[in-house]
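Structure file input.cif (mmCIF, C-alpha atoms) is printed below.
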```
data_data
loop_
_atom_site.label_atom_id
_atom_site.label_comp_id
_atom_site.auth_asym_id
_atom_site.auth_seq_id
_atom_site.Cartn_x
_atom_site.Cartn_y
_atom_site.Cartn_z
CA MET A 541 0.00 0.00 0.00
CA ALA A 542 1.36 3.43 -0.94
CA PRO A 543 2.26 5.84 1.90
CA THR A 544 -0.52 8.25 0.87
CA ASP A 545 -3.04 5.40 0.96
CA ARG A 546 -1.85 4.36 4.41
CA LEU A 547 -2.19 7.94 5.62
CA ARG A 548 -5.69 8.21 4.16
CA THR A 549 -6.68 4.94 5.81
CA ALA A 550 -5.36 6.10 9.17
CA LEU A 551 -7.27 9.38 8.91
CA ASP A 552 -10.45 7.53 7.96
CA ARG A 553 -10.12 5.40 11.08
CA LEU A 554 -9.75 8.51 13.22
CA GLU A 555 -12.81 10.23 11.74
CA PRO A 556 -15.79 10.11 14.11
CA PRO A 557 -19.32 9.39 12.81
CA PRO A 558 -20.93 12.37 10.99
CA ARG A 559 -23.30 13.22 13.83
CA ALA A 560 -20.42 13.08 16.31
CA VAL A 561 -18.40 15.44 14.08
CA ASP A 562 -21.23 17.99 14.05
CA TRP A 563 -21.78 17.98 17.80
CA SER A 564 -18.06 17.84 18.53
CA LEU A 565 -17.46 20.85 16.32
CA PHE A 566 -20.08 22.80 18.26
CA ALA A 567 -18.61 21.66 21.62
CA PHE A 568 -15.05 22.51 20.55
CA VAL A 569 -16.07 25.99 19.36
CA VAL A 570 -17.89 26.72 22.65
CA ALA A 571 -14.93 25.41 24.67
CA GLU A 572 -12.54 27.44 22.52
CA ALA A 573 -14.53 30.63 23.16
CA ALA A 574 -14.81 29.88 26.88
CA THR A 575 -11.08 29.20 27.35
CA GLY A 576 -10.27 32.30 25.32
CA LEU A 577 -12.47 34.55 27.45
CA VAL A 578 -11.26 33.06 30.74
CA SER A 579 -7.65 33.47 29.59
CA PHE A 580 -8.24 37.24 29.60
CA THR A 581 -8.19 37.07 33.40
CA VAL A 582 -5.04 34.92 33.69
CA GLY A 583 -1.74 36.75 34.02
CA VAL A 584 0.53 34.40 35.99
CA PRO A 585 2.68 31.69 34.35
CA GLU A 586 0.96 29.00 36.43
CA GLY A 587 -2.05 29.53 34.18
CA TRP A 588 -0.28 28.17 31.08
CA PRO A 589 -2.40 24.95 30.86
CA LEU A 590 -5.45 27.05 29.99
CA PHE A 591 -3.62 28.60 27.03
CA TRP A 592 -2.29 25.20 25.97
CA LEU A 593 -5.84 23.82 26.01
CA HIS A 594 -7.09 26.79 23.96
CA ARG A 595 -4.50 26.15 21.27
CA ALA A 596 -5.03 22.38 21.31
CA LEU A 597 -8.77 22.89 20.83
CA GLY A 598 -7.97 25.10 17.85
CA VAL A 599 -6.06 22.28 16.17
CA GLY A 600 -8.95 19.96 16.96
CA ILE A 601 -11.35 22.35 15.23
CA VAL A 602 -9.14 22.27 12.13
CA ALA A 603 -9.45 18.47 11.97
CA LEU A 604 -13.19 18.47 12.67
CA LEU A 605 -13.76 21.20 10.11
CA ALA A 606 -11.79 19.24 7.52
CA TRP A 607 -13.91 16.16 8.10
CA LYS A 608 -17.07 18.26 7.95
CA LEU A 609 -16.08 19.96 4.68
CA ALA A 610 -15.07 16.66 3.08
CA ARG A 611 -18.59 15.39 3.75
CA VAL A 612 -20.59 18.46 2.65
CA ARG A 613 -18.38 19.97 -0.05
CA ARG A 614 -20.87 19.12 -2.81
CA ARG A 615 -23.62 21.04 -1.01
CA LEU A 616 -21.40 24.12 -1.10
CA THR A 617 -20.00 23.79 -4.62
CA ASP A 618 -23.09 22.60 -6.53
CA PRO A 619 -25.65 25.42 -6.98
CA ALA A 620 -28.38 22.85 -7.60
CA LEU A 621 -28.02 21.72 -3.97
CA TRP A 622 -28.09 25.17 -2.38
CA ARG A 623 -30.77 25.93 0.21
CA ARG A 624 -31.69 28.96 2.27
CA SER A 625 -29.36 27.69 4.98
CA THR A 626 -26.39 27.56 2.58
CA ALA A 627 -25.66 31.27 3.09
CA LEU A 628 -25.50 30.68 6.85
CA SER A 629 -23.16 27.74 6.27
CA VAL A 630 -20.84 29.88 4.16
CA LEU A 631 -20.87 32.69 6.74
CA THR A 632 -20.03 30.19 9.49
CA LEU A 633 -17.18 28.81 7.41
CA ILE A 634 -15.79 32.32 6.82
CA ALA A 635 -15.86 33.05 10.55
CA ALA A 636 -14.15 29.73 11.33
CA LEU A 637 -11.43 30.25 8.74
CA GLY A 638 -10.98 33.85 9.89
CA ALA A 639 -10.53 32.80 13.51
CA LEU A 640 -8.08 30.04 12.59
CA ALA A 641 -6.08 32.13 10.11
CA THR A 642 -5.68 35.13 12.43
CA GLY A 643 -4.77 32.84 15.33
CA VAL A 644 -2.05 31.09 13.31
CA ALA A 645 -0.71 34.38 11.95
CA TRP A 646 -0.52 35.84 15.45
CA VAL A 647 1.45 32.97 16.97
CA PHE A 648 4.05 33.38 14.24
CA GLY A 649 4.41 37.05 15.11
CA LEU A 650 2.43 38.86 12.41
CA ASP A 651 1.51 42.16 14.04
CA VAL A 652 -0.74 44.39 11.96
CA ARG A 653 -3.43 46.82 13.05
CA LEU A 654 -6.83 47.19 11.45
CA SER A 655 -7.90 50.66 12.56
CA TYR A 656 -7.94 50.41 16.38
CA TRP A 657 -7.73 46.61 16.40
CA THR A 658 -4.69 44.37 16.59
CA LEU A 659 -4.71 41.06 14.75
CA LEU A 660 -5.35 39.32 18.08
CA SER A 661 -8.42 41.49 18.62
CA VAL A 662 -9.69 40.49 15.17
CA HIS A 663 -9.09 36.84 16.12
CA VAL A 664 -11.20 37.33 19.25
CA GLY A 665 -13.95 38.96 17.20
CA PHE A 666 -14.08 36.05 14.75
CA GLY A 667 -14.16 33.60 17.67
CA LEU A 668 -17.02 35.35 19.43
CA ALA A 669 -19.02 35.56 16.20
CA LEU A 670 -18.42 31.87 15.51
CA VAL A 671 -20.31 30.63 18.59
CA PRO A 672 -23.80 31.92 17.62
CA LEU A 673 -23.14 31.13 13.95
CA VAL A 674 -22.31 27.48 14.71
CA ALA A 675 -25.35 27.25 16.98
CA ALA A 676 -27.62 28.70 14.28
CA HIS A 677 -26.08 26.44 11.65
CA ALA A 678 -26.62 23.37 13.85
CA ALA A 679 -30.25 24.38 14.36
CA THR A 680 -30.90 24.21 10.61
CA ARG A 681 -29.96 20.52 10.57
CA PHE A 682 -30.70 19.60 14.16
CA ARG A 683 -30.23 15.92 14.95
CA LEU A 684 -29.80 14.65 18.50
CA PRO A 685 -26.59 12.69 19.09
CA ARG A 686 -26.93 8.94 19.50
CA ARG A 687 -25.18 6.90 22.16
CA VAL A 688 -23.63 4.75 19.46
CA ASP A 689 -21.84 7.83 18.09
CA PHE A 690 -19.85 8.34 21.30
CA GLU A 691 -19.86 5.21 23.43
CA ARG A 692 -17.20 3.15 21.68
CA ARG A 693 -13.64 3.03 22.99
CA ARG A 694 -12.40 4.16 19.60
CA THR A 695 -14.23 7.46 20.13
CA THR A 696 -12.20 8.16 23.29
CA VAL A 697 -9.01 7.39 21.40
CA ARG A 698 -10.06 9.75 18.60
CA TYR A 699 -10.61 12.73 20.86
CA PHE A 700 -7.50 12.04 22.88
CA ALA A 701 -5.58 11.95 19.60
CA LEU A 702 -7.10 15.28 18.56
CA LEU A 703 -6.00 17.02 21.77
CA ALA A 704 -2.60 15.32 21.73
CA ALA A 705 -2.10 16.45 18.14
CA GLY A 706 -3.04 19.97 19.20
CA GLY A 707 -0.46 19.96 21.98
CA ALA A 708 2.20 18.52 19.67
CA THR A 709 1.42 21.11 16.99
CA TYR A 710 1.72 23.90 19.54
CA ARG A 711 5.14 22.63 20.64
CA LEU A 712 6.20 22.29 16.99
CA GLN A 713 5.10 25.85 16.32
CA GLN A 714 7.22 27.08 19.24
CA GLY A 715 10.21 25.20 17.84
CA VAL A 716 9.70 26.71 14.38
CA ASN A 717 9.44 30.19 15.87
CA ASP A 718 12.69 29.68 17.78
CA ALA A 719 14.53 28.11 14.83
CA LEU A 720 13.53 30.84 12.39
CA ASP A 721 13.75 33.58 15.03
CA THR A 722 10.36 34.93 14.01
CA ALA A 723 8.61 37.81 15.75
CA GLY A 724 6.49 35.20 17.54
CA ALA A 725 9.49 33.71 19.34
CA ASP A 726 9.44 36.25 22.19
CA ARG A 727 5.73 36.09 22.99
CA ARG A 728 4.62 35.53 26.58
CA PHE A 729 2.71 32.37 27.44
CA THR A 730 -0.44 34.52 27.04
CA GLY A 731 0.44 35.16 23.39
CA SER A 732 1.28 38.83 23.98
CA GLN A 733 4.24 40.36 22.15
CA PRO A 734 6.76 42.69 23.87
CA ARG A 735 6.82 46.47 23.74
CA GLU A 736 10.16 47.79 24.90
CA GLY A 737 11.37 51.14 26.15
CA ASP A 738 10.59 53.40 29.10
CA GLY A 739 7.76 55.80 29.77
CA ASN A 740 4.53 56.76 28.06
CA GLY A 741 5.81 56.33 24.53
CA ALA A 742 7.01 52.78 25.03
CA PHE A 743 3.62 51.07 24.84
CA PRO A 744 0.32 51.64 23.02
CA ILE A 745 -2.64 53.60 24.33
CA THR A 746 -5.63 51.29 24.58
CA SER A 747 -9.05 51.70 26.14
CA TRP A 748 -11.70 49.15 27.00
CA VAL A 749 -14.73 49.30 24.67
CA ALA A 750 -16.00 52.92 24.71
CA ASP A 751 -13.86 54.52 27.44
CA ASP A 752 -12.59 57.81 25.99
CA PRO A 753 -12.90 60.61 28.57
CA ASP A 754 -11.72 64.18 28.18
CA PRO A 755 -8.38 64.97 29.86
CA ILE A 756 -8.72 65.54 33.61
CA ASP A 757 -7.44 68.83 34.99
CA HIS A 758 -4.51 67.97 37.27
CA ASP A 759 -5.21 70.77 39.74
CA ALA A 760 -8.97 70.14 39.94
CA TYR A 761 -8.63 66.37 40.29
CA ARG A 762 -9.81 64.75 43.52
CA LEU A 763 -9.62 61.11 44.58
CA THR A 764 -12.26 59.91 47.03
CA VAL A 765 -11.28 57.13 49.44
CA ASP A 766 -14.33 55.81 51.29
CA GLY A 767 -16.40 52.74 52.08
CA LEU A 768 -15.40 50.65 55.08
CA VAL A 769 -12.67 53.01 56.25
CA SER A 770 -12.51 54.97 59.48
CA ASP A 771 -12.20 58.46 58.03
CA PRO A 772 -13.20 58.93 54.32
CA VAL A 773 -10.97 61.45 52.62
CA GLU A 774 -10.46 63.34 49.36
CA LEU A 775 -6.92 63.64 48.01
CA THR A 776 -5.34 65.76 45.29
CA ALA A 777 -3.09 64.52 42.52
CA SER A 778 -0.09 65.88 44.42
CA ASP A 779 -1.07 63.81 47.45
CA LEU A 780 -0.76 60.65 45.35
CA ALA A 781 2.82 61.29 44.23
CA GLY A 782 4.11 59.38 47.24
CA GLY A 783 7.34 58.24 45.64
CA HIS A 784 6.67 54.53 46.05
CA GLU A 785 8.17 52.67 43.07
CA THR A 786 7.64 49.19 41.71
CA GLU A 787 8.58 47.35 38.53
CA ALA A 788 5.56 45.60 37.07
CA LEU A 789 4.59 43.86 33.85
CA LEU A 790 1.47 45.13 32.08
CA ASP A 791 -0.02 42.43 29.82
CA CYS A 792 -2.79 43.84 27.65
CA THR A 793 -5.48 41.56 26.24
CA SER A 794 -5.07 43.26 22.86
CA GLY A 795 -1.83 41.31 22.49
CA TRP A 796 1.19 43.17 23.89
CA TYR A 797 3.09 43.45 27.15
CA THR A 798 5.60 45.85 28.64
CA VAL A 799 7.73 45.98 31.78
CA GLN A 800 7.86 49.45 33.31
CA GLU A 801 8.91 51.25 36.47
CA TRP A 802 5.76 52.70 38.01
CA SER A 803 5.63 55.22 40.83
CA GLY A 804 2.86 56.70 42.96
CA ILE A 805 1.28 55.68 46.24
CA ARG A 806 0.84 52.19 47.63
CA VAL A 807 -2.88 51.46 48.07
CA GLY A 808 -2.25 50.28 51.64
CA ASP A 809 -0.82 53.73 52.42
CA LEU A 810 -3.79 55.30 50.67
CA LEU A 811 -6.15 53.44 53.00
CA ASP A 812 -4.05 54.51 55.98
CA ALA A 813 -4.61 58.12 54.89
CA ALA A 814 -8.34 57.40 55.29
CA GLY A 815 -7.84 56.18 58.85
CA GLY A 816 -7.35 52.57 57.82
CA VAL A 817 -9.84 49.79 57.18
CA ARG A 818 -12.49 49.47 59.87
CA ALA A 819 -11.68 46.38 61.92
CA GLU A 820 -15.25 45.85 63.11
CA ALA A 821 -18.74 46.67 61.90
CA THR A 822 -20.24 49.77 63.46
CA ALA A 823 -23.74 50.02 64.91
CA GLY A 824 -25.21 51.07 61.58
CA ASP A 825 -23.59 48.24 59.62
CA ALA A 826 -25.00 44.82 58.87
CA PRO A 827 -23.24 42.08 60.87
CA ASP A 828 -21.57 40.61 57.77
CA ARG A 829 -20.10 43.90 56.52
CA GLU A 830 -16.48 42.99 57.04
CA ALA A 831 -13.93 44.60 54.71
CA ALA A 832 -12.90 42.12 52.02
CA TYR A 833 -12.45 43.98 48.70
CA VAL A 834 -11.22 47.29 47.37
CA ARG A 835 -13.02 48.69 44.33
CA PHE A 836 -11.31 51.12 41.96
CA THR A 837 -13.65 53.29 39.88
CA SER A 838 -12.73 55.34 36.81
CA VAL A 839 -14.10 58.72 35.78
CA THR A 840 -15.90 56.80 33.00
CA GLY A 841 -17.69 54.52 35.48
CA TYR A 842 -15.46 51.58 34.62
CA ARG A 843 -14.45 49.69 37.76
CA TRP A 844 -12.64 46.65 39.07
CA SER A 845 -12.16 45.11 42.53
CA LEU A 846 -9.24 43.35 44.17
CA PRO A 847 -9.21 41.27 47.36
CA LEU A 848 -8.16 43.47 50.28
CA ALA A 849 -4.74 41.86 50.88
CA GLU A 850 -3.85 42.06 47.18
CA ALA A 851 -5.14 45.61 46.88
CA GLU A 852 -3.04 46.85 49.80
CA ASP A 853 0.12 45.84 47.92
CA ALA A 854 -1.07 47.33 44.61
CA LEU A 855 -0.07 50.80 43.46
CA LEU A 856 -2.03 53.84 42.39
CA ALA A 857 0.48 55.18 39.87
CA THR A 858 0.98 58.77 38.80
CA HIS A 859 4.21 58.23 36.84
CA VAL A 860 5.66 55.62 34.49
CA GLY A 861 9.33 55.34 33.50
CA GLY A 862 10.08 58.59 35.37
CA GLU A 863 7.44 60.52 33.42
CA ARG A 864 4.09 61.79 34.64
CA LEU A 865 1.37 59.56 33.19
CA SER A 866 -0.12 60.86 29.96
CA HIS A 867 -3.88 61.19 29.68
CA GLY A 868 -4.11 58.16 27.40
CA HIS A 869 -2.33 56.02 29.96
CA GLY A 870 -4.67 57.01 32.79
CA ALA A 871 -3.54 60.34 34.25
CA PRO A 872 -3.76 61.62 36.89
CA ALA A 873 -3.74 58.10 38.45
CA ARG A 874 -4.17 54.51 37.35
CA LEU A 875 -4.15 51.19 39.14
CA VAL A 876 -1.04 49.03 38.84
CA ALA A 877 -1.99 45.46 39.77
CA PRO A 878 0.88 43.00 39.19
CA ASP A 879 -0.15 39.54 37.90
CA ARG A 880 -3.44 40.98 36.60
CA ARG A 881 -4.26 41.54 32.93
CA GLY A 882 -4.33 45.05 31.53
CA PHE A 883 -8.10 45.56 31.51
CA GLN A 884 -8.02 45.20 35.31
CA TRP A 885 -5.52 48.09 35.67
CA VAL A 886 -8.22 50.76 35.95
CA LYS A 887 -7.30 54.13 34.41
CA TRP A 888 -8.41 57.63 35.44
CA VAL A 889 -9.21 56.42 38.98
CA THR A 890 -11.41 58.86 40.90
CA ARG A 891 -12.67 56.64 43.72
CA VAL A 892 -11.22 53.90 45.91
CA GLU A 893 -13.86 52.13 47.99
CA VAL A 894 -13.40 49.41 50.61
CA ARG A 895 -16.27 46.93 50.39
CA SER A 896 -17.49 43.79 52.07
CA GLY A 897 -18.73 41.89 49.01
CA TYR A 898 -17.54 40.94 45.56
CA ASP A 899 -18.77 43.28 42.83
CA PHE A 900 -20.39 41.05 40.20
CA GLY A 901 -21.65 44.16 38.40
CA GLN A 902 -18.12 45.06 37.34
CA TRP A 903 -18.33 42.46 34.57
CA VAL A 904 -21.35 44.24 33.08
CA VAL A 905 -19.74 47.66 33.48
CA THR A 906 -16.77 46.58 31.36
CA LEU A 907 -19.18 46.37 28.42
CA VAL A 908 -21.15 49.57 28.94
CA SER A 909 -18.81 52.10 30.57
CA GLY A 910 -18.03 55.12 28.46
CA PHE A 911 -21.34 55.09 26.61
CA ASP A 912 -23.36 58.26 27.18
#
```

Structure translated into C-alpha cells:
Amino acid sequence: MAPTDRLRTALDRLEPPPRAVDWSLFAFVVAEAATGLVSFTVGVPEGWPLFWLHRALGVGIVALLAWKLARVRRRLTDPALWRRSTALSVLTLIAALGALATGVAWVFGLDVRLSYWTLLSVHVGFGLALVPLVAAHAATRFRLPRRVDFERRRTTVRYFALLAAGGATYRLQQGVNDALDTAGADRRFTGSQPREGDGNGAFPITSWVADDPDPIDHDAYRLTVDGLVSDPVELTASDLAGGHETEALLDCTSGWYTVQEWSGIRVGDLLDAAGGVRAEATAGDAPDREAAYVRFTSVTGYRWSLPLAEAEDALLATHVGGERLSHGHGAPARLVAPDRRGFQWVKWVTRVEVRSGYDFGQWVVTLVSGFD
C-alpha cells in the first residue's frame, strides 16, 4: 500500500461518525470561546495549561472542520443543492477560517493593526461571532446525538488523539518560531508580544470598549477614598505622588506586554490616609459587613475590585518610567496590579472604595462604561 493510501486509511479510522463530528465541532467551538475569554483574566505563568488547552482545541477544530467539509463539499460547490441555509453555512465557514487564520498568523508574530484593532483582537472577534453562527447552523440541521456515536472506545481514542495532536502542533510551532527567530518567538505564554522602552511612549494607548474621557485637569482632580474606612478622605493629585516605586509587567489583552517602572502611592498607604480599614462593623452596619475587597472606579464609570490583601500591595500610579502619566495612559492616576491583565488596571481612577462583598456588576460595566 502506498504511503498516501496508508495515511488516508489512518485518517479515515480517526474520523468520528458524521453526527459526532457535528456535535463535537459545536462543543469545541464553545470550549474554545470559553477558554479564550477566561484566559483574559489569567496573568501568571501558572495559568499556562489554559492557554495550551485553547490552542489544542484550535487544532482539533481544524481536523473536525476538515472532516465536515469533506462530507458536505458538494452542497457548497453545486448550486443545484443550495438551500436557504447555505448562506449561513458559508458565513459560518468564513468566521471559522478567519478565527483560525488570524490565530495562526498571530502565533508566528504577524503584528498588523486594522484601525484600532490588533490582529489578536480580530481573532477574538471572529471567535465570538463563531459561537452563535455554529449554533444557528446546527439548528438548521438539528439531529440529536446517539449513544452509538460516542460510546465506543475508539471514540475516546479519537478525541484524545485530537487534543494530543493539538499539543504537539503547539510545541512544533514554538520550535519553528525559535529556529527561524520569528517575531512570535518572544511572545509571553499569554500570546502577547513585547513592547520595549521606558515611559509613556514605550507602549500603546488602549481603552476598553467605549472609554474615551476628556483629559482631567490635574489641579482640579480629587480622589475619594471611602467605604469601610474609618475616616473617608479626598486627596489631590499631588497627594498621590508618594514616591513609592515598583517594577511591574502590564499584559494587555489586545496582544502586547511591557515591563515598566511605576511610581505613585501604595494602596495600603492610601487606605491609611483614610484612617485605615475598619476592623469591626459599626452600629449602623449589617453584621456581615467585614472589609474584604477594594473597588477602583474610573471617571468613566469603569471599575474593578481586588481582594483586600492584594489591593493593599497594589499601586495607584501617577508616573511611568520617570514621566508623569499621559492622559491616554490614565492620568492623573491609574491602578497598577501585578499579575493581573491590563483591563483590570483601571485608568483615570477617581474613587477607591473598601467593600465587604464581591462586585459582580463590574463584569457588566466593562461592556457599557463610556457610553453616554

Exercise for review: For the file shown, report as a VMD selection string the outcome of the PyMOL selection byres ((chain A and resi 901) around 12) at residue level.
Suggested key: chain A and resid 835 841 to 845 897 to 900 902 to 909

Exercise for review: I need the residue set behind the PyMOL selection byres ((chain A and resi 632) around 8) for this file; please write it as a ChimeraX atom specification.
Suggested key: /A:628-631,633-636,670,673-674,677

I'd like the contact shell of A:Val612 - 12 Å cut-off, all atoms listed in the file, skipping same-chain residues fewer than 2 positions apart - returned as a short mmCIF file (atom, residue, chain, number, x, y, z; two decimals) with C-alpha atoms, in the frame of the given file.
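Saved to around_1.cif:
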```cif
data_model
loop_
_atom_site.label_atom_id
_atom_site.label_comp_id
_atom_site.auth_asym_id
_atom_site.auth_seq_id
_atom_site.Cartn_x
_atom_site.Cartn_y
_atom_site.Cartn_z
CA PRO A 558 -20.93 12.37 10.99
CA ASP A 562 -21.23 17.99 14.05
CA LEU A 605 -13.76 21.20 10.11
CA ALA A 606 -11.79 19.24 7.52
CA TRP A 607 -13.91 16.16 8.10
CA LYS A 608 -17.07 18.26 7.95
CA LEU A 609 -16.08 19.96 4.68
CA ALA A 610 -15.07 16.66 3.08
CA ARG A 614 -20.87 19.12 -2.81
CA ARG A 615 -23.62 21.04 -1.01
CA LEU A 616 -21.40 24.12 -1.10
CA THR A 617 -20.00 23.79 -4.62
CA ASP A 618 -23.09 22.60 -6.53
CA LEU A 621 -28.02 21.72 -3.97
CA TRP A 622 -28.09 25.17 -2.38
CA THR A 626 -26.39 27.56 2.58
CA SER A 629 -23.16 27.74 6.27
CA VAL A 630 -20.84 29.88 4.16
CA LEU A 633 -17.18 28.81 7.41
#
```

Review point. Atom CA of A:Pro755 to atom CA of A:Thr840: how many Å, to one decimal?
Key: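 Interatomic distance here is 11.5 Å.
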
Practice item. List every protein, DNA or RNA residue that has at least one atom no more than 8 Å from (-11.9, 55.1, 37.1) in the file's coordinates, counting all atoms listed in the file, and write the result as a list in words. Key: Phe836, Thr837, Ser838, Val839, Thr840, Gly841, Tyr842, Arg843, Arg874, Val886, Lys887, Trp888, Val889, Thr890 and Arg891 of chain A

Practice item. Could you tell me which residues the PyMOL selection byres ((chain A and resi 847) around 7) grabs in this file, written as a list of chain:residue names? Key: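 Going through the file, the PyMOL selection byres ((chain A and resi 847) around 7) ends up selecting A:Ala832, A:Tyr833, A:Val834, A:Ser845, A:Leu846, A:Leu848, A:Ala849, A:Glu850, A:Ala851.
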
Check your understanding: Which residue gives the smallest distance to A:Ala573 among A:Gly665, A:Arg653, A:Gln884, A:Leu712, with all atoms listed in the file counted?
Key -> A:Gly665

Review point. What is the distance, in Å and to one decimal place, between atom CA of A:Val716 and atom CA of A:Ser579?
Key: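 Answer for the atom CA of A:Val716 to atom CA of A:Ser579 separation: 24.0 Å.
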